[in-house]
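Taking it in order: structure first as structure tokens, then the write-up.
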Amino acid sequence: MAFERVGVVGLGTMGAGIAEVFARARLRVIGVEADAEALARGRGHLERSTGRAVDKGKLTADERDEILGRVTLTTSRTDLRDADLVVEAIPEILDYKVSLFKDLDGICKPETVLATNTSSLSVTAVAAATGRPGRVVGMHFFNPAPVMRLVEVVGTVVTEPGVVREIAELAGRLGKTAVAVGDRAGFVVNRLLLPYLNHATALMEQGVAGRDDIDAAMRLGVGLPMGPFALLDLIGLDTAYEVMGVLFDETRDRRHAPSPLLRELVTAGLLGRKSGRGFYGEEPARAEDRQRSEVVAFDVTGPGADELVERLSAAGFKRSADADADADAGAGAAGVVLRLADRPVIEHAVRLRDPATMVGVHLVGDRVAELATTVLTSDEAARAAADLVTVAGLVPVPCKDRAGFVVDALLFPYLNDAVRMHDAGYASIDDIDAAMRLGCGYLAGPFETLESLGLARVRDGLRALYAEYREPSFAPAPLLDQLVTAGASEFPRR
Ligand code: CAA
């Protein structure tokens, strides 16, 4: 089927972005909103987004006019009668969607494909509400739709196979890559992404680390385009909350229960970028009021200490004289003992003459140093550690002395989830990797990340997380465990 006239119902952030994507690909678009006010907001989204592209020199003014000229805006659904495809992007409430699809089924010609951009709701439930379930699919775009290169095409048990193929081809015409998947809550990307975002809010609530520090660790340490809180603000906290709820309903995994903090923010109307404030926004600029530490001497222990010692010595700090041994190191003289570790350091701290001087250091990539303070660490030692690593050119991420600190605690369960997803037969390794790279702008997909970190390291890290938090889904996926036991360094791709 040739898709030339496309309807988009709902012109919020996602719907307007989707309309822009179609119009840029030279399709004619009919954008539908509930009332004149919502329509004006939708027009505003389209004008701002394309206006920004003109300002940046990515589009000429004429091209922008052509794009906008291909979009007709209306409040009348009956204007969709000749559309070849209608994509729905209304709020994530199943009843609304079911009622809309019933309506569209009556309005549109029989061959029209009806697609939902739902993030997680059942495409099957929406399809079953129509007299054409074989021509109903999920067509899931990612925020910001004009930028992110993935479309998840969701087929149900009743979708005609040809329709999934046609929509995947259309995604290619839009400059996107399609990954075809079955109808499971969250599909590939949200099923892997949202639990990680939810977990980040839990770590913050537990006081393991602060908002800015968690964001910095994941952005600068892991190389993600955004930290979890900045991304939650982009996605919309209400959307994230809804998706988590749907995931929880399907899995009953308590990691998928939306965090109480999300609920509180959503109830308060703090929805992220779309409402002007979420985890970020409207906060007074923070004065740089951190007291500098007086400590100039340090000690470094643990595996790989030499490189950090070199960096700190080059920055003018003095290693304390009696530095070498782990136990009974000269902590008193040093003021701060940095213990390089990827596990909690309290057991090392209690072996020092002065346990208050120990701070755990976990280097993440070449820019971030997680600084783990134990229940015994003094404020002065914590400040000194932050000063030391800052002068050594690293970004300090203060955190509690807990398994996985921040980065491994967030990253490893996500990798484990990807292994389980593949092992359950839901999606191939290549599709999962592509989906995370293109849908979230990651440099590497989860399997690529697992292989570069080392399967054994991730497996062992998961065991440590499981041992500490006793969270059943932190236990290493059996496939990962078996590959490590078999001495494999890669996942078999069949
Ligand atoms: N609309 C249109 N274009 C936009 C845009 C928007 N809202 N935001 C950014 N852009 C464009 C910019 O114009 C720019 O384009 P050019 O390179 O052509 O100039 C490009 O994106 C990069 O933008 P910036 O330089 O301003 O900013 P950046 O480099 O920080 O990138 C980002 C911004 C693209 C959003 C990047 O941070 C990123 O990829 N973040 C991850 C986003 C993500 O994970 N999305 C998926 C969320 S999950 C989801 O959506 C599914 C769901 O159902 C919940």
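A note on labels: chains of the structure tokens are A, B, ... as shown, every chain counts residues from 1, and ligands are counted from 1 in their shown order.
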Non-local contacts of segment 208-224 of chain A (7 Å; only C-alpha atoms; under 3 positions in same chain excluded) as a PyMOL selection string: chain A and resi 203-204+227-229+364-365+367-368+397-400+406-407+442
If we count only C-alpha atoms and set the cut-off at 6 Å, which residues sit around Ala16 of chain A, ignoring sequence neighbours fewer than 5 positions away in its own chain? Please answer as a ChimeraX atom specification. /A:11,42,46
Report, in Å with one decimal, the straight-line distance from atom CA of His45 of chain A to atom CA of Met14 of chain A. 9.7 Å
I'd like the contact shell of segment 85-97 of chain A - 8 Å cut-off, only C-alpha atoms, skipping same-chain residues fewer than 2 positions apart - returned as a ChimeraX atom specification. /A:3,5-12,14-15,80,83,99-101,112-119,121,126,139,239,242
Within 7 Å of Leu262 of chain A using only C-alpha atoms, minus same-chain residues under 4 positions, as a list in words: Leu237, Tyr241, Pro258 and Val266 of chain A
Selected residues written out, all heavy atoms, as a PDB file, in the first residue's frame:
```pdb
ATOM      1  N   LEU A 237       7.071  13.156  33.197  1.00  0.00           N
ATOM      2  CA  LEU A 237       6.977  12.270  34.359  1.00  0.00           C
ATOM      3  C   LEU A 237       5.641  11.533  34.380  1.00  0.00           C
ATOM      4  O   LEU A 237       5.546  10.407  34.868  1.00  0.00           O
ATOM      5  CB  LEU A 237       7.178  13.060  35.652  1.00  0.00           C
ATOM      6  CG  LEU A 237       8.466  13.898  35.743  1.00  0.00           C
ATOM      7  CD1 LEU A 237       8.695  14.354  37.169  1.00  0.00           C
ATOM      8  CD2 LEU A 237       9.665  13.151  35.226  1.00  0.00           C
ATOM      9  N   TYR A 241       5.392   7.599  34.516  1.00  0.00           N
ATOM     10  CA  TYR A 241       4.595   6.987  35.588  1.00  0.00           C
ATOM     11  C   TYR A 241       3.606   5.969  34.999  1.00  0.00           C
ATOM     12  O   TYR A 241       3.466   4.846  35.503  1.00  0.00           O
ATOM     13  CB  TYR A 241       3.858   8.085  36.357  1.00  0.00           C
ATOM     14  CG  TYR A 241       3.070   7.563  37.525  1.00  0.00           C
ATOM     15  CD1 TYR A 241       3.705   7.283  38.729  1.00  0.00           C
ATOM     16  CD2 TYR A 241       1.705   7.348  37.429  1.00  0.00           C
ATOM     17  CE1 TYR A 241       2.992   6.785  39.808  1.00  0.00           C
ATOM     18  CE2 TYR A 241       0.986   6.858  38.492  1.00  0.00           C
ATOM     19  CZ  TYR A 241       1.629   6.575  39.686  1.00  0.00           C
ATOM     20  OH  TYR A 241       0.916   6.078  40.731  1.00  0.00           O
ATOM     21  N   PRO A 258       6.028   2.106  39.935  1.00  0.00           N
ATOM     22  CA  PRO A 258       6.536   3.473  39.824  1.00  0.00           C
ATOM     23  C   PRO A 258       6.983   4.001  41.183  1.00  0.00           C
ATOM     24  O   PRO A 258       6.311   3.765  42.184  1.00  0.00           O
ATOM     25  CB  PRO A 258       5.354   4.273  39.290  1.00  0.00           C
ATOM     26  CG  PRO A 258       4.219   3.333  39.131  1.00  0.00           C
ATOM     27  CD  PRO A 258       4.665   1.952  39.466  1.00  0.00           C
ATOM     28  N   VAL A 266       4.177  13.906  39.877  1.00  0.00           N
ATOM     29  CA  VAL A 266       3.090  13.948  38.892  1.00  0.00           C
ATOM     30  C   VAL A 266       1.840  14.552  39.526  1.00  0.00           C
ATOM     31  O   VAL A 266       1.172  15.405  38.937  1.00  0.00           O
ATOM     32  CB  VAL A 266       2.798  12.530  38.342  1.00  0.00           C
ATOM     33  CG1 VAL A 266       1.533  12.523  37.497  1.00  0.00           C
ATOM     34  CG2 VAL A 266       3.987  12.029  37.528  1.00  0.00           C
TER      35      VAL A 266
END
```
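When only C-alpha atoms are used to compute distances to Gly182 of chain A, the closest of the residues A:Gly445, A:Gly155, A:Gly454, A:Pro260 turns out to be A:Gly155.
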Neighbourhood of ligand 1 at 7 Å, counting only C-alpha atoms and all ligand atoms, reported as an mmCIF file with C-alpha atoms, in the first residue's frame:
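Resulting contents of result13.cif:
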```cif
data_model
loop_
_atom_site.group_PDB
_atom_site.id
_atom_site.type_symbol
_atom_site.label_atom_id
_atom_site.label_comp_id
_atom_site.auth_asym_id
_atom_site.auth_seq_id
_atom_site.Cartn_x
_atom_site.Cartn_y
_atom_site.Cartn_z
ATOM 1 C CA GLY A 17 6.901 15.632 16.264
ATOM 2 C CA SER A 49 10.442 22.933 15.965
ATOM 3 C CA ARG A 52 14.567 26.166 15.269
ATOM 4 C CA ALA A 53 15.769 24.141 12.288
ATOM 5 C CA LYS A 56 20.254 26.538 12.896
ATOM 6 C CA LYS A 58 19.205 23.053 8.804
ATOM 7 C CA THR A 118 1.396 3.942 22.659
ATOM 8 C CA SER A 119 4.513 3.561 24.793
ATOM 9 C CA PHE A 141 8.316 6.819 17.914
ATOM 10 C CA PHE A 142 10.843 8.204 20.399
ATOM 11 C CA ASN A 143 11.115 11.656 21.886
ATOM 12 C CA PRO A 144 12.143 13.944 20.211
ATOM 13 C CA ALA A 145 10.467 12.261 17.229
ATOM 14 C CA PRO A 146 12.236 14.344 14.566
ATOM 15 C CA VAL A 147 15.630 13.332 15.986
ATOM 16 C CA MET A 148 15.492 9.762 17.299
ATOM 17 C CA ASN A 190 10.679 1.112 27.382
ATOM 18 C CA PRO A 225 23.320 11.437 25.932
ATOM 19 C CA MET A 226 21.379 12.436 29.053
ATOM 20 C CA LEU A 231 15.666 12.178 30.426
ATOM 21 C CA ILE A 235 9.884 12.020 28.397
ATOM 22 C CA THR A 239 4.205 9.320 30.757
ATOM 23 C CA ALA A 240 6.988 7.610 32.701
ATOM 24 C CA GLY A 439 15.801 4.936 20.267
ATOM 25 C CA CYS A 440 17.858 6.415 23.097
ATOM 26 C CA GLY A 441 20.954 7.684 21.313
#
```
Write out as a ChimeraX atom specification which residues come within 7 Å of Gly272 of chain A when counting only C-alpha atoms, dropping same-chain ones fewer than 6 positions away. /A:233-234,236-237,278-279
Taking all heavy atoms for each residue, export the selection above as a compact mmCIF listing (two decimals), in the first residue's frame.
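Output file selection19.txt follows:
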```
# COMPACT_ATOMS: atom_id res chain seq x y z
N ASP A 233 12.60 14.12 32.63
CA ASP A 233 11.97 15.42 32.35
C ASP A 233 11.61 15.54 30.87
O ASP A 233 10.61 16.16 30.52
CB ASP A 233 12.90 16.57 32.75
CG ASP A 233 12.79 16.90 34.24
OD1 ASP A 233 11.97 16.27 34.94
OD2 ASP A 233 13.53 17.80 34.70
N LEU A 234 12.45 14.99 29.99
CA LEU A 234 12.17 15.06 28.56
C LEU A 234 10.97 14.18 28.21
O LEU A 234 10.05 14.60 27.50
CB LEU A 234 13.40 14.60 27.75
CG LEU A 234 13.17 14.50 26.23
CD1 LEU A 234 13.14 15.89 25.59
CD2 LEU A 234 14.26 13.67 25.56
N GLY A 236 8.60 13.16 30.12
CA GLY A 236 7.38 13.56 30.82
C GLY A 236 7.16 12.60 31.98
O GLY A 236 7.10 11.39 31.78
N LEU A 237 7.07 13.16 33.20
CA LEU A 237 6.98 12.27 34.36
C LEU A 237 5.64 11.53 34.38
O LEU A 237 5.55 10.41 34.87
CB LEU A 237 7.18 13.06 35.65
CG LEU A 237 8.47 13.90 35.74
CD1 LEU A 237 8.70 14.35 37.17
CD2 LEU A 237 9.66 13.15 35.23
N GLY A 278 10.17 19.67 36.55
CA GLY A 278 10.03 18.26 36.93
C GLY A 278 11.12 18.00 37.94
O GLY A 278 11.14 18.61 39.01
N PHE A 279 12.05 17.12 37.63
CA PHE A 279 13.21 16.97 38.50
C PHE A 279 14.07 18.24 38.44
O PHE A 279 14.72 18.61 39.40
CB PHE A 279 14.04 15.75 38.09
CG PHE A 279 13.41 14.46 38.55
CD1 PHE A 279 12.69 13.68 37.66
CD2 PHE A 279 13.50 14.06 39.87
CE1 PHE A 279 12.09 12.50 38.09
CE2 PHE A 279 12.91 12.88 40.31
CZ PHE A 279 12.20 12.10 39.41
```
